[in-house]
Amino acid sequence: MVDVEKLKKIARETISRDDVRCLIGWRQGSYGFRAAPHFVGKPEEADQLIFSPLCSHNLATYLTLAEKLPVPRGQEPDTRKVALLVKGCDSRAVVQQLVEQGIRRENVLVIGCPCRGVVDQKKVEAKYPDMGAAVTADWGEKTVIFNLPSGRVEAPREEVLAGKCMTCRYPNPLLADIEAGDAVAVWGSDEYTDVREMEAGDPRQRWLFWEEKFSSCIRCYSCRNVCPMCYCEDCILDRLNPGWVWRSANTSENTAFQLARAFHLAGRCIECGECERVCPVDIPLMKLNRKLTKEVREKFAFEPGTDPESKPLQASYRPDDKADFIL
Amino acid sequence: MSAQFEPNIVAFLCNWCSYAGADLAGTSRTHYPPNLNVIRVMCSGRVNPLFVVNALQQGADGVLVSGCHPGDCHYMEGNFHARRRFTLLRELIEYVGVEPGRFNMSWVSASEGAKWKDVVGEVVVKAKEAGPFKQFRRDKINW
């Protein structure tokens with residue numbers, strides 16, 4: 001468990017260091033069950049930090065989002081570290097970015113926050129419509145406690161936590177320079193039941209399901225933008241030549257886009273569930289990503305973001321990889 | 001409209017093995033179904049998985065990727081990479097509802113003209129079983 005006061009103290013000490021440029025964490029959002037990313041540049045700003053079941057954002061995205069402007073002549077680039085608060089799933093994103101050399105180890109300072117699950121905004125907003133201005137939350141024993149305007153309520157965690165948290169196998173950060181709390185017990189196991197159910201169906205049934213979902217896609221690219229692993233400077237979706245995926249939002253192009261997006265995350269997706277959280281039309285993107293993580297786990301015994309020494313799945317091979325389908 | 005459906009199959013053949021194998025089948029006057037549209041690529045590792053998705057979008061009823069046998073790649077390891085990629089791509093496109101027989105992969109060496117004939121026969125039979133591809137084909141192509 002993470003003691004928030006201890007976390008603030010760690011944050012103040014960290015940001016006071018000469019070799020730290022900023023610290024990225026969470027603060028209370030402007031309304032309801034929202035939390036917001038908080039960028040701490042001065043020690044006093046650390047007081048606004050929170051760590052609660054509302055902190056669903058994967059802040060590892062910001063490591064690669066920072067704009068890399070050309071440095072004016074005579075000036076040195078800012079090479080100070082970025083300190084980052086991470087949950088278990090976020091730490092996998094950091095590890096995978098390190099594996100892919102998207103970031104450098106010396107440029108990041110990871111503060112690990114063992115996490116007992118974050119809420120699903122859609123679930124809690126449906127369950128407690130009287131959310132008011134700003135709700136605070138905390139973890140109880142197998143429950144989540146909310147301080148609503150109408151008083152304190154306690155909900156069983158199955159009812160409010162995000163789906164990814166109920167099957168979470170890595171609640172404790174896998175990589176941390178500073179530990180902000182003691183490790184928590186792993187409560188979930190992942191059998192990929194949702195993916196298996198889907199696989200058991202007929203291909204035509206599966207297409208009918210996905211056709212409905214993909215045709216509702218409005219191509220806002222939120223899923224790409226929020227994804228900590230989607231950090232290519234030159235994304236195929238932004239290119240006109242070659243036009244891998246056309247810009248028109250129809251079923252054909254949307255399917256190609258979603259297949260491309262999912263495939264580019266094959267062996268890289270760390271299952272933080274951010275794409276699904278931000279999707280404005282509620283496409284079950286994790287169902288697509290999790291199919292590939294399942295195959296990667298079963299066929300290649302590989303889990304992205306768990307081992308900083310590993311090689312990226314699709315940039316390596318084993319001569320004895322199994323592929324029974326090849327004629 | 002003839003009674004029998006003739007599938008349109010796009011085949012990506014590697015320059016060093018499968019293309020030469022198909023050439024051997026031709027020069028040996030082997031008969032095999034004419035449904036394939038061959039695209040020569042330098043290596044099966046050069047085939048981007050999006051080529052497959054794009055072929056299906058643009059009117060293919062089936063896609064075949066063919067390269068050298070593992071260990072025989074002209075570029076040492078291209079087909080090993082292709083194997084990993086297409087194992088995953090095949091699972092992914094089947095998961096969203098593309099029939100299992102539409103995407104195929106084969107290893108055909110330059111001396112295997114007879115195997116090439118068998119591979120093409122099997123791929124065409126599978127594509128015929130699957131029928132015309134309709135799922136995410138582009139409605140109209142306006143270049």
# chains A, B, ... in the order shown; residues from 1 in each chain; ligands from 1
>>> residues_around(residues="range 263-273 of chain A", least_positions_apart="2", cutoff="7 Å", atoms="only C-alpha atoms", output="ChimeraX atom specification")
/A:89-90,92-93,164,259-261,275-277,286,289,292-293,296,304-305,313-314
>>> residues_around(residues="Glu309 in chain A", least_positions_apart="2", cutoff="7 Å", atoms="only C-alpha atoms", output="number ranges by chain")
A: 99, 307, 311
>>> write_last_selection(atoms="C-alpha atoms", output="short mmCIF file (atom, residue, chain, number, x, y, z; two decimals), in the first residue's frame")
data_model
loop_
_atom_site.label_atom_id
_atom_site.label_comp_id
_atom_site.auth_asym_id
_atom_site.auth_seq_id
_atom_site.Cartn_x
_atom_site.Cartn_y
_atom_site.Cartn_z
CA VAL A 99 13.74 -2.69 -24.28
CA ASP A 307 12.30 -8.28 -18.56
CA LYS A 311 14.78 -8.59 -27.05
#
>>> closest_atom_pairs(of="chain A", to="chain B", cutoff="9 Å", atoms="only C-alpha atoms", output="JSON lines")
{"residue": "A:Met198", "atom": "CA", "partner": "B:Tyr95", "partner_atom": "CA", "distance": 7.8}
{"residue": "A:Glu199", "atom": "CA", "partner": "B:Tyr95", "partner_atom": "CA", "distance": 6.5}
{"residue": "A:Asp202", "atom": "CA", "partner": "B:Gly97", "partner_atom": "CA", "distance": 8.0}
{"residue": "A:Pro203", "atom": "CA", "partner": "B:Gly97", "partner_atom": "CA", "distance": 4.4}
{"residue": "A:Arg204", "atom": "CA", "partner": "B:Gly97", "partner_atom": "CA", "distance": 5.8}
{"residue": "A:Gln205", "atom": "CA", "partner": "B:Gly97", "partner_atom": "CA", "distance": 7.4}
{"residue": "A:Arg206", "atom": "CA", "partner": "B:Gly97", "partner_atom": "CA", "distance": 5.0}
{"residue": "A:Trp207", "atom": "CA", "partner": "B:Gly97", "partner_atom": "CA", "distance": 4.2}
{"residue": "A:Leu208", "atom": "CA", "partner": "B:Gly97", "partner_atom": "CA", "distance": 7.9}
{"residue": "A:Phe209", "atom": "CA", "partner": "B:Val96", "partner_atom": "CA", "distance": 8.3}
{"residue": "A:Trp210", "atom": "CA", "partner": "B:Val96", "partner_atom": "CA", "distance": 6.2}
{"residue": "A:Glu211", "atom": "CA", "partner": "B:Gln135", "partner_atom": "CA", "distance": 8.1}
{"residue": "A:Trp244", "atom": "CA", "partner": "B:Leu50", "partner_atom": "CA", "distance": 7.4}
{"residue": "A:Val245", "atom": "CA", "partner": "B:Asn54", "partner_atom": "CA", "distance": 8.3}
{"residue": "A:Asn250", "atom": "CA", "partner": "B:Arg138", "partner_atom": "CA", "distance": 8.8}
{"residue": "A:Thr251", "atom": "CA", "partner": "B:Phe136", "partner_atom": "CA", "distance": 6.5}
{"residue": "A:Ser252", "atom": "CA", "partner": "B:Phe136", "partner_atom": "CA", "distance": 4.4}
{"residue": "A:Glu253", "atom": "CA", "partner": "B:Arg138", "partner_atom": "CA", "distance": 7.7}
{"residue": "A:Asn254", "atom": "CA", "partner": "B:Phe136", "partner_atom": "CA", "distance": 9.0}
{"residue": "A:Thr255", "atom": "CA", "partner": "B:Phe136", "partner_atom": "CA", "distance": 6.8}
{"residue": "A:Ala256", "atom": "CA", "partner": "B:Val53", "partner_atom": "CA", "distance": 6.5}
{"residue": "A:Leu259", "atom": "CA", "partner": "B:Leu92", "partner_atom": "CA", "distance": 7.6}
{"residue": "A:Ala260", "atom": "CA", "partner": "B:Leu50", "partner_atom": "CA", "distance": 6.8}
{"residue": "A:Ala262", "atom": "CA", "partner": "B:Leu92", "partner_atom": "CA", "distance": 8.4}
{"residue": "A:Phe263", "atom": "CA", "partner": "B:Leu89", "partner_atom": "CA", "distance": 7.0}
{"residue": "A:Ala266", "atom": "CA", "partner": "B:Leu88", "partner_atom": "CA", "distance": 7.5}
{"residue": "A:Leu288", "atom": "CA", "partner": "B:Leu92", "partner_atom": "CA", "distance": 7.9}
{"residue": "A:Lys291", "atom": "CA", "partner": "B:Leu92", "partner_atom": "CA", "distance": 7.3}
{"residue": "A:Leu292", "atom": "CA", "partner": "B:Leu92", "partner_atom": "CA", "distance": 6.9}
{"residue": "A:Glu295", "atom": "CA", "partner": "B:Leu88", "partner_atom": "CA", "distance": 7.1}
{"residue": "A:Val296", "atom": "CA", "partner": "B:Leu88", "partner_atom": "CA", "distance": 7.7}
{"residue": "A:Lys299", "atom": "CA", "partner": "B:Thr87", "partner_atom": "CA", "distance": 8.9}
{"residue": "A:Phe300", "atom": "CA", "partner": "B:Arg84", "partner_atom": "CA", "distance": 8.8}
{"residue": "A:Leu313", "atom": "CA", "partner": "B:Arg84", "partner_atom": "CA", "distance": 8.5}
{"residue": "A:Gln314", "atom": "CA", "partner": "B:Arg85", "partner_atom": "CA", "distance": 6.8}
{"residue": "A:Ala315", "atom": "CA", "partner": "B:His81", "partner_atom": "CA", "distance": 7.4}
{"residue": "A:Ser316", "atom": "CA", "partner": "B:His81", "partner_atom": "CA", "distance": 7.0}
{"residue": "A:Tyr317", "atom": "CA", "partner": "B:His81", "partner_atom": "CA", "distance": 6.1}
{"residue": "A:Arg318", "atom": "CA", "partner": "B:Phe80", "partner_atom": "CA", "distance": 7.5}
{"residue": "A:Pro319", "atom": "CA", "partner": "B:Phe80", "partner_atom": "CA", "distance": 6.8}
{"residue": "A:Asp321", "atom": "CA", "partner": "B:Arg84", "partner_atom": "CA", "distance": 7.4}
{"residue": "A:Lys322", "atom": "CA", "partner": "B:Arg83", "partner_atom": "CA", "distance": 8.7}
{"residue": "A:Ala323", "atom": "CA", "partner": "B:Thr87", "partner_atom": "CA", "distance": 6.5}
{"residue": "A:Phe325", "atom": "CA", "partner": "B:Met105", "partner_atom": "CA", "distance": 7.4}
{"residue": "A:Ile326", "atom": "CA", "partner": "B:Met105", "partner_atom": "CA", "distance": 5.0}
{"residue": "A:Leu327", "atom": "CA", "partner": "B:Ser106", "partner_atom": "CA", "distance": 4.4}
>>> residues_around(residues="Glu13 in chain A", least_positions_apart="4", cutoff="8 Å", atoms="only C-alpha atoms", output="number ranges by chain")
A: 9, 17, 43
>>> residues_around(residues="Leu49 in chain A", least_positions_apart="4", cutoff="8 Å", atoms="only C-alpha atoms", output="ChimeraX atom specification")
/A:4,8,25-28,38,45
>>> residues_around(residues="range 7-22 of chain B", least_positions_apart="5", cutoff="6 Å", atoms="only C-alpha atoms", output="MDAnalysis selection string")
chainID B and resid 35:44 60:68 108:113
>>> write_last_selection(atoms="N, CA and C atoms", output="PDB file, in the first residue's frame")
ATOM      1  N   ASN B  35      -5.405 -19.205 -60.823  1.00  0.00           N
ATOM      2  CA  ASN B  35      -6.027 -18.162 -59.993  1.00  0.00           C
ATOM      3  C   ASN B  35      -5.044 -17.232 -59.305  1.00  0.00           C
ATOM      4  N   LEU B  36      -3.757 -17.529 -59.432  1.00  0.00           N
ATOM      5  CA  LEU B  36      -2.794 -16.747 -58.664  1.00  0.00           C
ATOM      6  C   LEU B  36      -2.306 -15.519 -59.419  1.00  0.00           C
ATOM      7  N   ASN B  37      -2.214 -14.416 -58.710  1.00  0.00           N
ATOM      8  CA  ASN B  37      -1.531 -13.238 -59.221  1.00  0.00           C
ATOM      9  C   ASN B  37      -0.237 -13.112 -58.443  1.00  0.00           C
ATOM     10  N   VAL B  38       0.869 -13.325 -59.145  1.00  0.00           N
ATOM     11  CA  VAL B  38       2.145 -13.401 -58.440  1.00  0.00           C
ATOM     12  C   VAL B  38       2.776 -12.016 -58.323  1.00  0.00           C
ATOM     13  N   ILE B  39       3.237 -11.692 -57.118  1.00  0.00           N
ATOM     14  CA  ILE B  39       4.027 -10.483 -56.897  1.00  0.00           C
ATOM     15  C   ILE B  39       5.383 -10.940 -56.383  1.00  0.00           C
ATOM     16  N   ARG B  40       6.412 -10.573 -57.105  1.00  0.00           N
ATOM     17  CA  ARG B  40       7.754 -10.996 -56.687  1.00  0.00           C
ATOM     18  C   ARG B  40       8.310  -9.999 -55.688  1.00  0.00           C
ATOM     19  N   VAL B  41       8.764 -10.505 -54.576  1.00  0.00           N
ATOM     20  CA  VAL B  41       9.418  -9.664 -53.569  1.00  0.00           C
ATOM     21  C   VAL B  41      10.807 -10.255 -53.322  1.00  0.00           C
ATOM     22  N   MET B  42      11.678  -9.470 -52.745  1.00  0.00           N
ATOM     23  CA  MET B  42      13.045  -9.954 -52.604  1.00  0.00           C
ATOM     24  C   MET B  42      13.176 -11.009 -51.513  1.00  0.00           C
ATOM     25  N   CYS B  43      12.253 -10.997 -50.547  1.00  0.00           N
ATOM     26  CA  CYS B  43      12.358 -11.952 -49.439  1.00  0.00           C
ATOM     27  C   CYS B  43      10.985 -12.036 -48.793  1.00  0.00           C
ATOM     28  N   SER B  44      10.660 -13.194 -48.213  1.00  0.00           N
ATOM     29  CA  SER B  44       9.368 -13.261 -47.504  1.00  0.00           C
ATOM     30  C   SER B  44       9.379 -12.324 -46.303  1.00  0.00           C
ATOM     31  N   ALA B  60      -8.749  -9.224 -53.171  1.00  0.00           N
ATOM     32  CA  ALA B  60      -8.254 -10.595 -53.151  1.00  0.00           C
ATOM     33  C   ALA B  60      -9.200 -11.472 -52.333  1.00  0.00           C
ATOM     34  N   ASP B  61      -9.352 -12.730 -52.771  1.00  0.00           N
ATOM     35  CA  ASP B  61     -10.140 -13.681 -51.979  1.00  0.00           C
ATOM     36  C   ASP B  61      -9.224 -14.551 -51.135  1.00  0.00           C
ATOM     37  N   GLY B  62      -7.937 -14.473 -51.414  1.00  0.00           N
ATOM     38  CA  GLY B  62      -6.980 -15.253 -50.646  1.00  0.00           C
ATOM     39  C   GLY B  62      -5.603 -14.658 -50.844  1.00  0.00           C
ATOM     40  N   VAL B  63      -4.723 -14.918 -49.893  1.00  0.00           N
ATOM     41  CA  VAL B  63      -3.357 -14.407 -49.983  1.00  0.00           C
ATOM     42  C   VAL B  63      -2.411 -15.555 -49.653  1.00  0.00           C
ATOM     43  N   LEU B  64      -1.357 -15.655 -50.444  1.00  0.00           N
ATOM     44  CA  LEU B  64      -0.326 -16.662 -50.179  1.00  0.00           C
ATOM     45  C   LEU B  64       1.006 -15.942 -50.043  1.00  0.00           C
ATOM     46  N   VAL B  65       1.722 -16.258 -48.974  1.00  0.00           N
ATOM     47  CA  VAL B  65       3.086 -15.750 -48.820  1.00  0.00           C
ATOM     48  C   VAL B  65       3.999 -16.962 -48.870  1.00  0.00           C
ATOM     49  N   SER B  66       4.973 -16.921 -49.756  1.00  0.00           N
ATOM     50  CA  SER B  66       5.829 -18.088 -49.896  1.00  0.00           C
ATOM     51  C   SER B  66       7.289 -17.673 -49.926  1.00  0.00           C
ATOM     52  N   GLY B  67       8.101 -18.439 -49.242  1.00  0.00           N
ATOM     53  CA  GLY B  67       9.526 -18.098 -49.156  1.00  0.00           C
ATOM     54  C   GLY B  67      10.392 -19.338 -49.132  1.00  0.00           C
ATOM     55  N   CYS B  68      11.657 -19.129 -48.830  1.00  0.00           N
ATOM     56  CA  CYS B  68      12.606 -20.234 -48.747  1.00  0.00           C
ATOM     57  C   CYS B  68      12.347 -21.060 -47.489  1.00  0.00           C
ATOM     58  N   VAL B 108       8.653 -22.983 -50.346  1.00  0.00           N
ATOM     59  CA  VAL B 108       8.891 -23.691 -51.607  1.00  0.00           C
ATOM     60  C   VAL B 108      10.281 -23.311 -52.090  1.00  0.00           C
ATOM     61  N   SER B 109      11.141 -24.291 -52.277  1.00  0.00           N
ATOM     62  CA  SER B 109      12.500 -23.969 -52.735  1.00  0.00           C
ATOM     63  C   SER B 109      12.537 -23.929 -54.257  1.00  0.00           C
ATOM     64  N   ALA B 110      13.668 -23.488 -54.785  1.00  0.00           N
ATOM     65  CA  ALA B 110      13.787 -23.285 -56.228  1.00  0.00           C
ATOM     66  C   ALA B 110      13.681 -24.593 -57.004  1.00  0.00           C
ATOM     67  N   SER B 111      13.918 -25.715 -56.336  1.00  0.00           N
ATOM     68  CA  SER B 111      13.878 -26.993 -57.051  1.00  0.00           C
ATOM     69  C   SER B 111      12.538 -27.708 -56.879  1.00  0.00           C
ATOM     70  N   GLU B 112      11.613 -27.085 -56.156  1.00  0.00           N
ATOM     71  CA  GLU B 112      10.365 -27.782 -55.821  1.00  0.00           C
ATOM     72  C   GLU B 112       9.201 -27.349 -56.710  1.00  0.00           C
ATOM     73  N   GLY B 113       9.358 -27.491 -57.996  1.00  0.00           N
ATOM     74  CA  GLY B 113       8.266 -27.182 -58.922  1.00  0.00           C
ATOM     75  C   GLY B 113       7.038 -28.031 -58.647  1.00  0.00           C
TER      76      GLY B 113
END
>>> closest_atom_pairs(of="range 95-182 of chain A", to="range 54-70 of chain A", cutoff="7 Å", atoms="only C-alpha atoms", output="tab-separated table")
residue	atom	partner	partner_atom	distance
A:Val118	CA	A:Ser56	CA	5.5
A:Val119	CA	A:Leu54	CA	5.8
A:Ala137	CA	A:Leu54	CA	6.8
>>> closest_residue(among="A:Lys294, A:Arg116, A:Pro242, A:Leu98", to="Tyr192 in chain A", atoms="only C-alpha atoms")
A:Lys294
>>> residues_around(residues="Arg104 in chain A", least_positions_apart="4", cutoff="12 Å", atoms="only C-alpha atoms", output="PDB file with N, CA and C atoms, in the first residue's frame")
ATOM      1  N   LEU A  63       6.505   9.981 -21.342  1.00  0.00           N
ATOM      2  CA  LEU A  63       7.958   9.901 -21.511  1.00  0.00           C
ATOM      3  C   LEU A  63       8.351  10.131 -22.957  1.00  0.00           C
ATOM      4  N   THR A  64       7.541   9.634 -23.864  1.00  0.00           N
ATOM      5  CA  THR A  64       7.887   9.762 -25.278  1.00  0.00           C
ATOM      6  C   THR A  64       7.110  10.883 -25.962  1.00  0.00           C
ATOM      7  N   THR A  79      19.212  17.462 -20.286  1.00  0.00           N
ATOM      8  CA  THR A  79      19.332  16.009 -20.175  1.00  0.00           C
ATOM      9  C   THR A  79      18.957  15.518 -18.784  1.00  0.00           C
ATOM     10  N   ARG A  80      18.292  16.389 -18.028  1.00  0.00           N
ATOM     11  CA  ARG A  80      17.915  15.955 -16.683  1.00  0.00           C
ATOM     12  C   ARG A  80      16.841  14.868 -16.749  1.00  0.00           C
ATOM     13  N   LYS A  81      16.713  14.157 -15.657  1.00  0.00           N
ATOM     14  CA  LYS A  81      15.785  13.030 -15.623  1.00  0.00           C
ATOM     15  C   LYS A  81      14.338  13.495 -15.522  1.00  0.00           C
ATOM     16  N   VAL A  82      13.440  12.647 -15.995  1.00  0.00           N
ATOM     17  CA  VAL A  82      12.019  12.828 -15.742  1.00  0.00           C
ATOM     18  C   VAL A  82      11.637  11.779 -14.708  1.00  0.00           C
ATOM     19  N   VAL A  94       7.155   1.167 -19.153  1.00  0.00           N
ATOM     20  CA  VAL A  94       8.497   1.755 -19.070  1.00  0.00           C
ATOM     21  C   VAL A  94       9.545   0.716 -19.463  1.00  0.00           C
ATOM     22  N   VAL A  95       9.374  -0.510 -18.942  1.00  0.00           N
ATOM     23  CA  VAL A  95      10.336  -1.569 -19.268  1.00  0.00           C
ATOM     24  C   VAL A  95      10.349  -1.831 -20.768  1.00  0.00           C
ATOM     25  N   GLN A  96       9.164  -1.895 -21.368  1.00  0.00           N
ATOM     26  CA  GLN A  96       9.105  -2.187 -22.800  1.00  0.00           C
ATOM     27  C   GLN A  96       9.711  -1.051 -23.625  1.00  0.00           C
ATOM     28  N   GLN A  97       9.492   0.181 -23.187  1.00  0.00           N
ATOM     29  CA  GLN A  97      10.130   1.309 -23.885  1.00  0.00           C
ATOM     30  C   GLN A  97      11.648   1.240 -23.767  1.00  0.00           C
ATOM     31  N   LEU A  98      12.139   0.789 -22.611  1.00  0.00           N
ATOM     32  CA  LEU A  98      13.586   0.630 -22.443  1.00  0.00           C
ATOM     33  C   LEU A  98      14.110  -0.477 -23.351  1.00  0.00           C
ATOM     34  N   VAL A  99      13.340  -1.580 -23.428  1.00  0.00           N
ATOM     35  CA  VAL A  99      13.743  -2.693 -24.276  1.00  0.00           C
ATOM     36  C   VAL A  99      13.861  -2.238 -25.732  1.00  0.00           C
ATOM     37  N   GLU A 100      12.907  -1.414 -26.145  1.00  0.00           N
ATOM     38  CA  GLU A 100      12.897  -0.943 -27.532  1.00  0.00           C
ATOM     39  C   GLU A 100      13.802   0.268 -27.738  1.00  0.00           C
ATOM     40  N   VAL A 108      15.311   8.596 -17.012  1.00  0.00           N
ATOM     41  CA  VAL A 108      14.040   8.385 -16.328  1.00  0.00           C
ATOM     42  C   VAL A 108      14.291   7.880 -14.909  1.00  0.00           C
ATOM     43  N   LEU A 109      13.484   8.392 -14.001  1.00  0.00           N
ATOM     44  CA  LEU A 109      13.566   7.988 -12.607  1.00  0.00           C
ATOM     45  C   LEU A 109      12.192   7.442 -12.237  1.00  0.00           C
ATOM     46  N   PRO A 308      13.774  -6.327 -18.624  1.00  0.00           N
ATOM     47  CA  PRO A 308      14.509  -5.272 -19.333  1.00  0.00           C
ATOM     48  C   PRO A 308      15.625  -5.820 -20.224  1.00  0.00           C
TER      49      PRO A 308
END
>>> atom_distance(atom1="CA of Cys168 in chain A", atom2="CA of Gly188 in chain A")
5.2 Å
>>> closest_residue(among="A:Leu85, A:Leu174, A:Glu191, A:Phe33", to="Lys127 in chain A", atoms="only C-alpha atoms")
A:Phe33
>>> closest_residue(among="B:Lys117, B:Ala3, B:His69, B:Gly59", to="Asp23 in chain B", atoms="only C-alpha atoms")
B:Lys117
>>> select_by_dssp(residues="range 98-139 of chain B", states="alpha helix (DSSP H)", output="list of chain:residue names")
B:Gly113, B:Ala114, B:Lys115, B:Trp116, B:Lys117, B:Asp118, B:Val119, B:Val120, B:Gly121, B:Glu122, B:Val123, B:Val124, B:Val125, B:Lys126, B:Ala127, B:Lys128, B:Glu129, B:Ala130
>>> atom_distance(atom1="CA of Gly102 in chain A", atom2="CA of Arg12 in chain A")
27.3 Å
>>> decode(residues="range 95-170 of chain A", atoms="C-alpha atoms", output="mmCIF file, in the first residue's frame")
data_model
loop_
_atom_site.group_PDB
_atom_site.id
_atom_site.type_symbol
_atom_site.label_atom_id
_atom_site.label_comp_id
_atom_site.auth_asym_id
_atom_site.auth_seq_id
_atom_site.Cartn_x
_atom_site.Cartn_y
_atom_site.Cartn_z
ATOM 1 C CA VAL A 95 10.336 -1.569 -19.268
ATOM 2 C CA GLN A 96 9.105 -2.187 -22.800
ATOM 3 C CA GLN A 97 10.130 1.309 -23.885
ATOM 4 C CA LEU A 98 13.586 0.630 -22.443
ATOM 5 C CA VAL A 99 13.743 -2.693 -24.276
ATOM 6 C CA GLU A 100 12.897 -0.943 -27.532
ATOM 7 C CA GLN A 101 15.304 1.883 -26.716
ATOM 8 C CA GLY A 102 12.487 4.376 -27.016
ATOM 9 C CA ILE A 103 13.800 6.000 -23.837
ATOM 10 C CA ARG A 104 17.144 5.867 -22.082
ATOM 11 C CA ARG A 105 17.513 4.445 -18.617
ATOM 12 C CA GLU A 106 19.545 7.426 -17.410
ATOM 13 C CA ASN A 107 16.800 9.853 -18.437
ATOM 14 C CA VAL A 108 14.040 8.385 -16.328
ATOM 15 C CA LEU A 109 13.566 7.988 -12.607
ATOM 16 C CA VAL A 110 10.835 5.526 -11.755
ATOM 17 C CA ILE A 111 8.884 5.827 -8.515
ATOM 18 C CA GLY A 112 6.951 2.624 -7.990
ATOM 19 C CA CYS A 113 3.459 2.693 -6.471
ATOM 20 C CA PRO A 114 2.077 -0.770 -5.745
ATOM 21 C CA CYS A 115 -1.532 -0.622 -6.875
ATOM 22 C CA ARG A 116 -4.670 -2.464 -5.828
ATOM 23 C CA GLY A 117 -6.648 -1.676 -8.949
ATOM 24 C CA VAL A 118 -8.090 1.434 -10.555
ATOM 25 C CA VAL A 119 -11.737 2.183 -11.229
ATOM 26 C CA ASP A 120 -13.496 1.988 -14.560
ATOM 27 C CA GLN A 121 -14.969 5.476 -15.093
ATOM 28 C CA LYS A 122 -17.960 4.122 -17.001
ATOM 29 C CA LYS A 123 -18.802 1.617 -14.286
ATOM 30 C CA VAL A 124 -18.615 4.060 -11.392
ATOM 31 C CA GLU A 125 -20.449 6.847 -13.180
ATOM 32 C CA ALA A 126 -23.296 4.471 -13.949
ATOM 33 C CA LYS A 127 -23.305 3.172 -10.381
ATOM 34 C CA TYR A 128 -23.114 6.545 -8.632
ATOM 35 C CA PRO A 129 -24.726 9.223 -10.853
ATOM 36 C CA ASP A 130 -24.692 11.765 -7.959
ATOM 37 C CA MET A 131 -20.963 12.239 -8.221
ATOM 38 C CA GLY A 132 -20.804 15.999 -7.721
ATOM 39 C CA ALA A 133 -17.714 18.134 -8.036
ATOM 40 C CA ALA A 134 -14.868 15.998 -6.878
ATOM 41 C CA VAL A 135 -14.973 12.537 -5.398
ATOM 42 C CA THR A 136 -12.061 11.093 -3.511
ATOM 43 C CA ALA A 137 -11.480 7.400 -3.194
ATOM 44 C CA ASP A 138 -9.379 4.886 -1.373
ATOM 45 C CA TRP A 139 -8.838 1.172 -1.227
ATOM 46 C CA GLY A 140 -10.437 -0.965 1.443
ATOM 47 C CA GLU A 141 -9.964 -4.660 2.042
ATOM 48 C CA LYS A 142 -11.351 -6.130 -1.234
ATOM 49 C CA THR A 143 -13.411 -2.970 -1.672
ATOM 50 C CA VAL A 144 -13.129 0.568 -2.968
ATOM 51 C CA ILE A 145 -14.270 3.417 -0.732
ATOM 52 C CA PHE A 146 -15.715 6.564 -2.313
ATOM 53 C CA ASN A 147 -16.371 9.868 -0.558
ATOM 54 C CA LEU A 148 -19.422 11.046 -2.489
ATOM 55 C CA PRO A 149 -21.339 14.292 -1.798
ATOM 56 C CA SER A 150 -24.021 12.125 -0.196
ATOM 57 C CA GLY A 151 -21.533 10.430 2.096
ATOM 58 C CA ARG A 152 -19.085 7.599 2.220
ATOM 59 C CA VAL A 153 -19.851 4.414 0.290
ATOM 60 C CA GLU A 154 -17.963 1.188 -0.039
ATOM 61 C CA ALA A 155 -18.278 -0.942 -3.164
ATOM 62 C CA PRO A 156 -16.959 -4.462 -3.789
ATOM 63 C CA ARG A 157 -14.005 -4.187 -6.126
ATOM 64 C CA GLU A 158 -15.528 -6.531 -8.755
ATOM 65 C CA GLU A 159 -18.232 -3.927 -9.359
ATOM 66 C CA VAL A 160 -16.085 -0.853 -9.843
ATOM 67 C CA LEU A 161 -12.572 -1.858 -10.886
ATOM 68 C CA ALA A 162 -11.518 -1.892 -14.521
ATOM 69 C CA GLY A 163 -11.536 -5.254 -16.257
ATOM 70 C CA LYS A 164 -7.763 -5.221 -16.654
ATOM 71 C CA CYS A 165 -7.361 -4.920 -12.871
ATOM 72 C CA MET A 166 -9.464 -7.984 -12.155
ATOM 73 C CA THR A 167 -7.043 -10.078 -14.222
ATOM 74 C CA CYS A 168 -3.932 -8.139 -13.181
ATOM 75 C CA ARG A 169 -0.881 -10.281 -12.558
ATOM 76 C CA TYR A 170 1.549 -7.449 -11.985
#
